[in-house]
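Undergrad: One structure is given below, represented as structure tokens, and several questions about it will come after.
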Amino acid sequence: MKQIFTAGSKLFLICAVAAVTLAGVNAITEPVIRERGEAELKQALAALSPNAGTAEAVSVSAEEVVRTYYPLKEAGQYILELIGSGYGGEMKILALFAGDGTVLDVRLMDNLETPGLGKKAELPDYMLKFKDSGGPDRPVPVRKDMLITADADAITGATITFVGIAKALEQGAEFVREVNDVQ
Amino acid sequence: MFNEFSKGLFKENPIFIVLLGLCPALAVSTQVINALGMGAGVIFVLLGSNIFVSLLKGFIPEKIRIPSYIVIIASFVTIVDLVMKAYAPSLSRNLGVFVQLIVVNCVILGRAEAFASKKTLPESILDALGMGLGFTLGLLLISLIREVFGAGTITLFAMGSFDGVVRIPWLSANPARVLGLASGALLVMGFLKALFNWLEDRKERAA
């Protein structure tokens, strides 16, 4: 009985010390991480469109694929914050659309994809395969056989990441068309 | 004393001889830079956990040693994760899930259980450094083979105008992609293990 009590309280003590230490580390790093996240978002928005700085964020839903959108009124374009589902869970995607749903530019933000495979989607050239799709002329390529051979080869081993991004962009394009029709 | 350090490098190399920590090793070894980042993370966590396990060896009762070790290891992993997210975001983005996987890397628990819980502090520190470096070297070898033949590149840190990617002329146009995939990791590991076994066998016969 006494033995169990000693062991239990010692384990509790170890856990308590660990928890306090981690709380301390978290208190120091949390504001830095949040600031960095905001700066990254701002930078990505500016890279997508020079007018993005003045655009106002409109929240859509915390559960749907389209989380937030930024209407760029002068250019008639939209920046969408999309959540795709990849191999390692949720992927945050920022995409610039024309009013008719055409994908103009895409950035992959926070994600937990596999380094060397799905992570390659962060490279600048990766998103070129989606450019100019989603409009009336060409649907978003959501399957490997809708790509040219070189692009299809490049996503080998990371098909789930590709499909996750493609499906999110497809829904984004649809969303843009609806919003654009209303206005 | 120096033997505690050097044994991890070759004679008891955690990857090729003891065959510990294979899951994270095979998963991250797609690119050289990942191997370096993962190696650095493992060295840090191993050092921290070996130090604390060795210091607390009189305090932790036998019955609760495994949960205690896991708490210590998990705390160090979380610290590495948070600090990297705050101050080295690009490395954190690249290693992503694998940092958290260090918790279940059996090299670390293995050293805590088999070594640090029985030995003195200086010995445990040397053991951690040796095993950590041995793990990194093993990872480096696997990732070098997989990246060179599987993608025809060597990815290092980007510095200035150098984007961090060394392209190997003929191979980058004709890579054996299977080596970059999961099955390639197992193939490379199998062949390397066979090679090391053969070398050891030969040495024994000669002796």
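Going through the structure tokens in order, the chains are called A, B, and so on, while each chain numbers its residues from 1 and the ligands are numbered from 1 in the order shown.
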Could you produce a table of the residues of chain A lying within 8 Å of chain B, with the nearest pair of atoms per residue and their separation in Å rounded to one decimal, using only C-alpha atoms, ordered by chain and increasing residue number, as a Markdown table?
TA:
```
| residue | atom | partner | partner_atom | distance |
| --- | --- | --- | --- | --- |
| A:Ala7 | CA | B:Pro61 | CA | 6.2 |
| A:Lys10 | CA | B:Ile60 | CA | 7.2 |
| A:Leu11 | CA | B:Ser68 | CA | 6.4 |
| A:Ile14 | CA | B:Ser68 | CA | 7.0 |
| A:Cys15 | CA | B:Val71 | CA | 6.6 |
| A:Ala18 | CA | B:Ser75 | CA | 6.2 |
| A:Leu22 | CA | B:Ser75 | CA | 6.8 |
| A:Val25 | CA | B:Ile79 | CA | 6.8 |
| A:Asn26 | CA | B:Leu82 | CA | 7.1 |
| A:Thr29 | CA | B:Ala86 | CA | 5.7 |
| A:Glu30 | CA | B:Ala86 | CA | 7.6 |
| A:Val32 | CA | B:Ala86 | CA | 5.6 |
| A:Ile33 | CA | B:Ala86 | CA | 4.8 |
| A:Arg36 | CA | B:Ala86 | CA | 7.5 |
| A:Asp110 | CA | B:Arg93 | CA | 7.8 |
| A:Asn111 | CA | B:Arg93 | CA | 7.9 |
| A:Leu112 | CA | B:Gly96 | CA | 5.6 |
| A:Glu113 | CA | B:Gly96 | CA | 7.5 |
| A:Thr114 | CA | B:Val97 | CA | 7.8 |
| A:Pro115 | CA | B:Asn94 | CA | 5.9 |
| A:Gly116 | CA | B:Thr30 | CA | 5.5 |
| A:Leu117 | CA | B:Thr30 | CA | 8.0 |
| A:Lys119 | CA | B:Asn94 | CA | 7.4 |
| A:Gly157 | CA | B:Leu181 | CA | 6.3 |
```
Undergrad: Using only C-alpha atoms, determine which residues lie at most 7 Å from Gly132 (chain B), disregarding the query and same-chain residues fewer than 5 positions distant; provide the list as a list in words.
TA: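 So the residues in contact are Gly39, Val42, Ile43 and Leu46 of chain B.
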Undergrad: Pick out the residues sitting within 9 Å of region 126-139 of chain A, and hand them over as a PyMOL selection string; count only C-alpha atoms, and ignore anything fewer than 6 positions along from it in its own chain.
TA: chain A and resi 97-108+120+147-148+151+154-155+166+169-170+172-174
Undergrad: Pick out each residue of region 69-170 of chain A that DSSP on the backbone tags as strand (DSSP E); I need them as number ranges by chain.
TA: A: 69-72, 77-86, 89-98, 103-108
Undergrad: I'd like the neighbourhood of region 142-146 of chain A as an MDAnalysis selection string, where a residue qualifies if any of its atoms comes within 6 Å (using only C-alpha atoms), though same-chain residues fewer than 2 positions away should be ignored.
TA: chainID A and resid 140 152 163 166
Undergrad: Excluding same-chain residues fewer than 5 positions from Glu74 (chain A), what lies within 12 Å of it counting only C-alpha atoms, as a count of residues only?
TA: 8
Undergrad: Work out how far CA of Glu178 (chain A) is from CA of Leu72 (chain A), in Å to one decimal.
TA: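 Going from CA of Leu72 (chain A) over to CA of Glu178 (chain A), I get 15.5 Å.
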Undergrad: List every residue of chain B that DSSP, applied to the backbone of this structure, assigns to alpha helix (DSSP H), and report them as number ranges by chain.
TA: B: 2-6, 22-28, 32-55, 65-87, 89-95, 97-101, 106-111, 121-150, 169-173, 182-206
Undergrad: Residues at most 8 Å from Thr161 (chain A), counting only C-alpha atoms, excluding those fewer than 6 positions away in the same chain, as an MDAnalysis selection string?
TA: chainID A and resid 85:87 113 118 121
Undergrad: Given the choices B:Pro14, B:Leu47, B:Ile66, B:Ile145, which gets closest to Phe191 (chain B) if the distance is worked out from only C-alpha atoms?
TA: B:Ile145
Undergrad: Hey, what's within 8 Å of region 1-4 of chain B if we count only C-alpha atoms and toss same-chain stuff fewer than 2 positions away? As a ChimeraX atom specification, please?
TA: /B:6-8,123,126-127,130
Undergrad: Could you work out how far CA of Glu56 (chain A) lies from CA of Lys73 (chain A), giving the answer in Å with one decimal?
TA: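 CA of Lys73 (chain A) sits 10.1 Å away from CA of Glu56 (chain A).
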Undergrad: Could you jot down the CA of Leu139 (chain B) to CA of Gly21 (chain B) separation for me, Å, one decimal place?
TA: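 Pair CA of Leu139 (chain B) / CA of Gly21 (chain B) returns 10.3 Å.
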